[in-house]
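File shown: target-v2.txt (compact mmCIF, C-alpha atoms and all ligand atoms).
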```
# COMPACT_ATOMS: atom_id res chain seq x y z
CA MET A 191 -22.71 -5.48 -12.71
CA ALA A 192 -23.02 -9.18 -11.86
CA LEU A 193 -25.30 -10.01 -8.96
CA ILE A 194 -23.69 -10.93 -5.65
CA ARG A 195 -24.99 -12.29 -2.37
CA LEU A 196 -25.88 -9.85 0.40
CA ASP A 197 -23.50 -11.57 2.86
CA LYS A 198 -20.61 -11.15 0.39
CA TYR A 199 -21.57 -7.51 -0.12
CA LEU A 200 -21.35 -6.82 3.61
CA CYS A 201 -18.17 -8.86 4.11
CA ASP A 202 -16.41 -7.14 1.18
CA LEU A 203 -17.11 -3.81 2.86
CA GLY A 204 -15.54 -5.11 6.08
CA LEU A 205 -18.79 -4.57 7.97
CA ALA A 206 -18.95 -8.12 9.25
CA SER A 207 -17.09 -11.39 9.07
CA ARG A 208 -18.80 -14.40 7.44
CA ARG A 209 -19.64 -15.54 10.98
CA GLU A 210 -21.09 -12.20 12.09
CA VAL A 211 -23.10 -11.39 8.99
CA ARG A 212 -26.24 -13.39 9.91
CA ALA A 213 -26.46 -11.68 13.30
CA LEU A 214 -26.09 -8.30 11.61
CA LEU A 215 -28.94 -9.15 9.24
CA ARG A 216 -31.11 -10.42 12.10
CA SER A 217 -30.55 -7.14 13.96
CA GLY A 218 -32.75 -5.34 11.41
CA ARG A 219 -30.11 -2.64 10.88
CA VAL A 220 -29.64 -3.51 7.21
CA LEU A 221 -32.22 -2.71 4.53
CA VAL A 222 -32.07 -3.46 0.81
CA ASP A 223 -34.01 -1.00 -1.34
CA GLY A 224 -35.90 0.04 1.78
CA LEU A 225 -36.95 -3.48 2.77
CA PRO A 226 -35.64 -5.99 5.30
CA PRO A 227 -33.48 -8.54 3.45
CA VAL A 228 -34.93 -11.93 2.64
CA GLY A 229 -31.78 -13.71 3.79
CA ALA A 230 -27.98 -13.70 3.67
CA ASP A 231 -28.11 -15.35 0.26
CA GLN A 232 -30.31 -12.63 -1.27
CA LYS A 233 -28.82 -11.60 -4.62
CA LEU A 234 -28.38 -7.95 -5.49
CA ASP A 235 -26.68 -5.71 -8.01
CA PRO A 236 -24.01 -4.01 -5.89
CA VAL A 237 -24.07 -0.86 -8.03
CA SER A 238 -27.79 -0.20 -8.37
CA ALA A 239 -29.18 -1.69 -5.12
CA GLU A 240 -29.60 0.74 -2.26
CA VAL A 241 -28.28 -0.97 0.85
CA THR A 242 -28.44 0.95 4.12
CA LEU A 243 -26.96 0.29 7.55
CA ASP A 244 -28.70 2.19 10.35
CA GLY A 245 -30.26 4.38 7.66
CA GLU A 246 -26.89 5.32 6.06
CA ALA A 247 -26.45 4.34 2.39
CA LEU A 248 -23.48 2.02 1.77
CA ARG A 249 -21.24 2.30 -1.26
CA TYR A 250 -19.98 -1.04 -2.51
CA SER A 251 -16.41 -1.56 -3.53
CA ARG A 252 -14.87 -4.98 -3.99
CA PHE A 253 -11.35 -3.62 -3.76
CA ARG A 254 -9.94 -1.30 -1.16
CA TYR A 255 -6.81 0.84 -1.21
CA PHE A 256 -5.00 2.33 1.79
CA MET A 257 -1.81 4.20 2.55
CA MET A 258 0.17 3.80 5.74
CA ASP A 259 3.10 5.63 7.24
CA LYS A 260 5.03 2.46 7.98
CA PRO A 261 6.95 2.77 11.20
CA VAL A 262 10.46 1.39 11.69
CA GLY A 263 10.42 -1.94 13.54
CA CYS A 264 7.65 -3.90 11.81
CA VAL A 265 8.02 -6.18 8.82
CA THR A 266 6.22 -5.80 5.50
CA ALA A 267 4.51 -9.19 5.50
CA THR A 268 1.01 -10.55 6.00
CA GLU A 269 2.15 -12.83 8.81
CA ASP A 270 5.26 -13.59 10.78
CA ARG A 271 5.59 -15.93 13.73
CA GLU A 272 8.00 -13.73 15.66
CA GLN A 273 7.87 -10.19 14.42
CA ARG A 274 5.15 -7.55 14.31
CA THR A 275 3.86 -7.07 10.77
CA VAL A 276 2.25 -4.06 9.11
CA LEU A 277 -1.06 -5.97 9.17
CA ASP A 278 -0.85 -6.16 12.97
CA LEU A 279 -1.25 -2.37 12.92
CA LEU A 280 -4.66 -2.53 11.23
CA PRO A 281 -7.84 -1.97 13.24
CA PRO A 282 -9.90 -5.20 13.62
CA GLU A 283 -12.57 -4.19 11.07
CA LEU A 284 -9.93 -3.86 8.34
CA ARG A 285 -8.18 -7.16 9.12
CA ARG A 286 -10.94 -9.16 7.48
CA LEU A 287 -10.61 -7.43 4.09
CA GLY A 288 -7.70 -9.59 2.94
CA LEU A 289 -5.36 -6.62 2.55
CA PHE A 290 -1.70 -7.13 1.71
CA PRO A 291 1.21 -4.73 1.31
CA VAL A 292 2.07 -3.48 -2.18
CA GLY A 293 5.79 -4.18 -2.47
CA ARG A 294 8.10 -4.18 0.48
CA LEU A 295 9.85 -1.81 2.83
CA ASP A 296 12.61 -3.19 5.06
CA LYS A 297 12.01 -3.51 8.79
CA ASP A 298 14.25 -0.49 9.43
CA THR A 299 12.70 1.61 6.61
CA SER A 300 9.79 3.95 7.30
CA GLY A 301 7.38 5.85 5.09
CA LEU A 302 4.71 5.43 2.46
CA LEU A 303 3.37 1.91 2.09
CA LEU A 304 0.24 0.95 0.15
CA LEU A 305 -2.09 -1.85 1.20
CA THR A 306 -4.83 -3.33 -0.94
CA ASN A 307 -6.78 -6.49 -1.72
CA ASP A 308 -6.51 -5.84 -5.48
CA GLY A 309 -3.76 -7.99 -6.97
CA ASP A 310 -3.85 -6.32 -10.41
CA PHE A 311 -3.43 -2.91 -8.81
CA ALA A 312 -0.46 -4.14 -6.76
CA HIS A 313 1.16 -5.57 -9.87
CA ARG A 314 0.64 -2.31 -11.73
CA VAL A 315 2.31 -0.29 -8.96
CA ILE A 316 5.27 -2.66 -8.57
CA SER A 317 6.03 -3.64 -12.16
CA PRO A 318 8.97 -1.71 -13.65
CA LYS A 319 6.97 -1.72 -16.93
CA SER A 320 4.44 0.63 -15.31
CA GLU A 321 7.24 3.10 -14.56
CA VAL A 322 5.65 4.23 -11.29
CA GLU A 323 8.45 6.08 -9.51
CA LYS A 324 9.29 5.53 -5.84
CA ARG A 325 11.22 8.31 -4.11
CA TYR A 326 13.28 7.82 -0.95
CA HIS A 327 15.12 10.03 1.49
CA ALA A 328 18.34 8.42 2.68
CA LYS A 329 20.80 9.46 5.35
CA VAL A 330 24.14 7.91 4.48
CA SER A 331 27.69 7.74 5.76
CA GLY A 332 29.68 9.89 3.37
CA VAL A 333 28.65 12.72 1.08
CA PRO A 334 27.04 11.72 -2.24
CA ASP A 335 28.36 13.70 -5.21
CA ALA A 336 28.11 14.22 -8.95
CA ALA A 337 30.00 10.99 -9.72
CA ASP A 338 27.47 9.00 -7.68
CA ALA A 339 24.57 10.73 -9.44
CA ALA A 340 26.14 9.92 -12.84
CA ALA A 341 26.56 6.26 -11.87
CA PHE A 342 22.88 6.11 -10.82
CA ARG A 343 21.85 7.76 -14.09
CA GLU A 344 23.76 5.22 -16.16
CA GLY A 345 22.35 2.22 -14.28
CA LEU A 346 24.45 0.71 -11.52
CA THR A 347 25.71 -2.83 -11.31
CA LEU A 348 25.48 -4.13 -7.73
CA ALA A 349 28.14 -6.15 -5.92
CA ASP A 350 26.47 -9.46 -6.95
CA GLY A 351 26.28 -8.45 -10.62
CA THR A 352 22.60 -7.35 -10.55
CA ARG A 353 21.96 -4.60 -13.12
CA CYS A 354 19.76 -1.71 -12.02
CA LEU A 355 17.67 0.49 -14.27
CA PRO A 356 18.80 4.11 -14.53
CA ALA A 357 17.83 5.99 -11.36
CA VAL A 358 17.99 9.54 -10.04
CA LEU A 359 20.22 10.54 -7.13
CA GLU A 360 19.76 14.08 -5.78
CA TYR A 361 22.49 15.34 -3.46
CA ASP A 362 23.18 18.62 -1.67
CA GLY A 363 26.70 18.31 -0.26
CA THR A 364 25.49 16.75 3.03
CA GLU A 365 24.91 13.17 4.15
CA ASP A 366 21.27 13.45 3.07
CA CYS A 367 20.21 12.42 -0.41
CA PHE A 368 17.09 11.51 -2.40
CA VAL A 369 16.83 8.45 -4.63
CA THR A 370 14.12 7.87 -7.25
CA LEU A 371 13.64 4.36 -8.67
CA ARG A 372 11.31 2.76 -11.19
CA GLU A 373 11.83 -0.76 -9.84
CA GLY A 374 12.02 -2.42 -6.44
CA LYS A 375 14.76 -5.00 -6.13
CA TYR A 376 15.63 -6.46 -2.73
CA HIS A 377 17.26 -3.77 -0.50
CA GLN A 378 17.77 -1.79 -3.70
CA VAL A 379 18.42 1.72 -2.36
CA LYS A 380 20.75 0.41 0.34
CA ARG A 381 22.65 -1.78 -2.12
CA MET A 382 22.94 0.99 -4.71
CA LEU A 383 24.31 3.49 -2.22
CA ALA A 384 26.58 0.82 -0.67
CA ALA A 385 27.94 0.12 -4.17
CA ARG A 386 29.05 3.77 -4.21
CA GLY A 387 30.67 3.49 -0.76
CA LYS A 388 27.85 5.45 0.93
CA PRO A 389 26.11 3.00 3.28
CA VAL A 390 22.58 3.95 4.32
CA ARG A 391 21.98 4.81 7.98
CA GLU A 392 18.30 5.73 7.67
CA LEU A 393 15.77 5.30 4.89
CA ARG A 394 12.27 6.66 4.39
CA ARG A 395 9.98 6.35 1.36
CA LEU A 396 8.47 9.72 0.52
CA SER A 397 6.31 9.03 -2.50
CA ILE A 398 4.93 6.47 -4.95
CA GLY A 399 4.08 8.02 -8.31
CA GLY A 400 2.53 11.38 -7.49
CA LEU A 401 1.26 10.20 -4.10
CA THR A 402 2.84 11.42 -0.86
CA LEU A 403 1.88 10.97 2.78
CA PRO A 404 -0.35 13.83 3.92
CA PRO A 405 1.19 16.11 6.55
CA GLY A 406 0.39 15.15 10.11
CA MET A 407 -0.06 11.43 9.49
CA GLN A 408 1.34 9.45 12.41
CA PRO A 409 3.60 6.38 12.11
CA GLY A 410 1.37 3.31 11.81
CA GLU A 411 -1.66 5.39 10.83
CA LEU A 412 -3.77 4.25 7.90
CA ARG A 413 -5.90 6.25 5.46
CA GLU A 414 -8.15 5.00 2.68
CA LEU A 415 -7.17 6.31 -0.75
CA THR A 416 -9.69 8.46 -2.59
CA GLU A 417 -10.37 8.31 -6.34
CA ALA A 418 -8.22 11.44 -6.61
CA ASP A 419 -5.35 9.73 -4.74
CA LEU A 420 -5.51 6.79 -7.16
CA CYS A 421 -5.27 9.18 -10.14
CA THR A 422 -2.38 11.02 -8.48
CA LEU A 423 -0.60 7.75 -7.90
CA PHE A 424 -0.44 6.91 -11.60
CA MET A 425 0.06 10.53 -12.67
CA GLY A 426 2.99 11.39 -14.88
CA ARG A 427 3.61 7.90 -16.29
N1 LIG B 1 15.33 0.01 -0.83
C1 LIG B 1 15.86 -0.50 0.30
O1 LIG B 1 17.05 -0.73 0.37
N2 LIG B 1 15.05 -0.74 1.34
C2 LIG B 1 13.73 -0.46 1.32
O2 LIG B 1 13.05 -0.69 2.32
C3 LIG B 1 13.19 0.08 0.16
C4 LIG B 1 14.01 0.30 -0.92
```
Since I need it in another form, could you write the structure as structure tokens?
Amino acid sequence: MALIRLDKYLCDLGLASRREVRALLRSGRVLVDGLPPVGADQKLDPVSAEVTLDGEALRYSRFRYFMMDKPVGCVTATEDREQRTVLDLLPPELRRLGLFPVGRLDKDTSGLLLLTNDGDFAHRVISPKSEVEKRYHAKVSGVPDAADAAAFREGLTLADGTRCLPAVLEYDGTEDCFVTLREGKYHQVKRMLAARGKPVRELRRLSIGGLTLPPGMQPGELRELTEADLCTLFMGR
């Protein structure tokens, strides 16, 4: 792997900001291959070098991947002058990683949201070409039925003429239903169900690809994805 500077290595891991990194190095807590570093600009191979912090080996990764149970009431944006954003929910040490949300959930939608600093990954999850399915639980006014499911299957045309890709609507004779999409147009689930005369009252995203929120995760909580989670995410494409 290409050599990188020690200060970049530590910043990419979220261990220090650019400003804090020199103090961290001066503290003597960081060793490179068992030796005190020469300086912040010391070059190292992030894969083969053994960097320790307080004696614990660090594992370098340029890109980071997290899941959040997005609560209702915050916006899916990196900044907003008036409203609380999903990034405002991050602990301080993760705010410096340059994370951004993968796709969008509306302010009044809850559920699985991914955050990363890897643009290619985000594109891969969002692009309809990747066919990564997103599954939602909706509570609607009205009772979805077989005719609605058939319309979803064929590919709905929304009120403004937008064509949707074929989608799956699961219904059970109540006001609850499940919608699975391979794309993410603006307010898509709400607009699709509204087009069938079943306006959404509550919406929650349950899964992205094969990835679901683990039981017991609290609204606003964040967990880093494992290698296995990343495989699960793209499973079944
Ligand atoms: N579809 C919607 O209408 N809203 C969301 O937040 C996500 C999908």
Please, which residues have at least one atom within 8 Å of an atom of ligand LIG 1 (chain B), using all atoms listed in the file, listed as a list in words?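 Selection of residues at most 8 Å from ligand LIG 1 (chain B): Arg294, Leu295, Asp296, Lys297, Asp298, Thr299, Ser300, Tyr326, Gly374, Lys375, Tyr376, His377, Gln378, Val379, Lys380, Arg381, Met382, Leu393, Arg394 and Arg395 of chain A.
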For each of A:Gly387, A:Gly351, A:Gly363, A:Gly224, take the minimum atom-to-atom distance to Ala247 (chain A), counting all atoms listed in the file, then give the residue where this is smallest.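 Once distances to Ala247 (chain A) are computed over all atoms listed in the file, the minimum belongs to A:Gly224.
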Find the residues near Glu210 (chain A): any atom within 12 Å, counting only C-alpha atoms, skip ones fewer than 3 places away on the same chain, and give them as a ChimeraX atom specification. /A:197-198,200-201,204-207,213-217,230,283,286
So which one's closest to Lys388 (chain A), A:Glu344, A:Pro334, A:Leu415, A:Leu355? Using only C-alpha atoms, please.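 Using only C-alpha atoms, the shortest distance to Lys388 (chain A) belongs to A:Pro334.
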At what distance in Å, to one decimal, does CA of Leu396 (chain A) lie from CA of Lys329 (chain A)?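 Rounded to one decimal, the two atoms are 13.2 Å apart.
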Which polymer residues have any atom within 9 Å of an atom of Pro356 (chain A), counting all atoms listed in the file, with same-chain residues fewer than 6 positions away left out, as a ChimeraX atom specification? /A:341-346,371-372
Could you write out that same residue set with C-alpha atoms as an mmCIF file, keeping the file's coordinate frame?
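File selection.cif, as written:
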```
data_model
loop_
_atom_site.group_PDB
_atom_site.id
_atom_site.type_symbol
_atom_site.label_atom_id
_atom_site.label_comp_id
_atom_site.auth_asym_id
_atom_site.auth_seq_id
_atom_site.Cartn_x
_atom_site.Cartn_y
_atom_site.Cartn_z
ATOM 1 C CA ALA A 341 26.560 6.260 -11.870
ATOM 2 C CA PHE A 342 22.880 6.110 -10.820
ATOM 3 C CA ARG A 343 21.850 7.760 -14.090
ATOM 4 C CA GLU A 344 23.760 5.220 -16.160
ATOM 5 C CA GLY A 345 22.350 2.220 -14.280
ATOM 6 C CA LEU A 346 24.450 0.710 -11.520
ATOM 7 C CA LEU A 371 13.640 4.360 -8.670
ATOM 8 C CA ARG A 372 11.310 2.760 -11.190
#
```
Interatomic distance (Å, one decimal) between CA of Leu303 (chain A) and CA of Pro291 (chain A):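 Computing it gives 7.0 Å between the two atoms.
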If we count only C-alpha atoms and set the cut-off at 10 Å, which residues sit around Thr364 (chain A), ignoring sequence neighbours fewer than 6 positions away in its own chain? Please answer as a PyMOL selection string. chain A and resi 329-335
Could you tell me which of A:Ile194, A:Cys264, A:Leu221, A:Leu287 comes closest to Asp235 (chain A) if we count all atoms listed in the file?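 Ranking A:Ile194, A:Cys264, A:Leu221, A:Leu287 by distance to Asp235 (chain A), first place goes to A:Ile194.
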Calculated over all atoms listed in the file, which of the candidates A:Leu280, A:Ala385, A:Ala328, A:Leu289 has the smallest distance to Thr352 (chain A)?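 Of A:Leu280, A:Ala385, A:Ala328, A:Leu289, the one nearest Thr352 (chain A) is A:Ala385, counting all atoms listed in the file.
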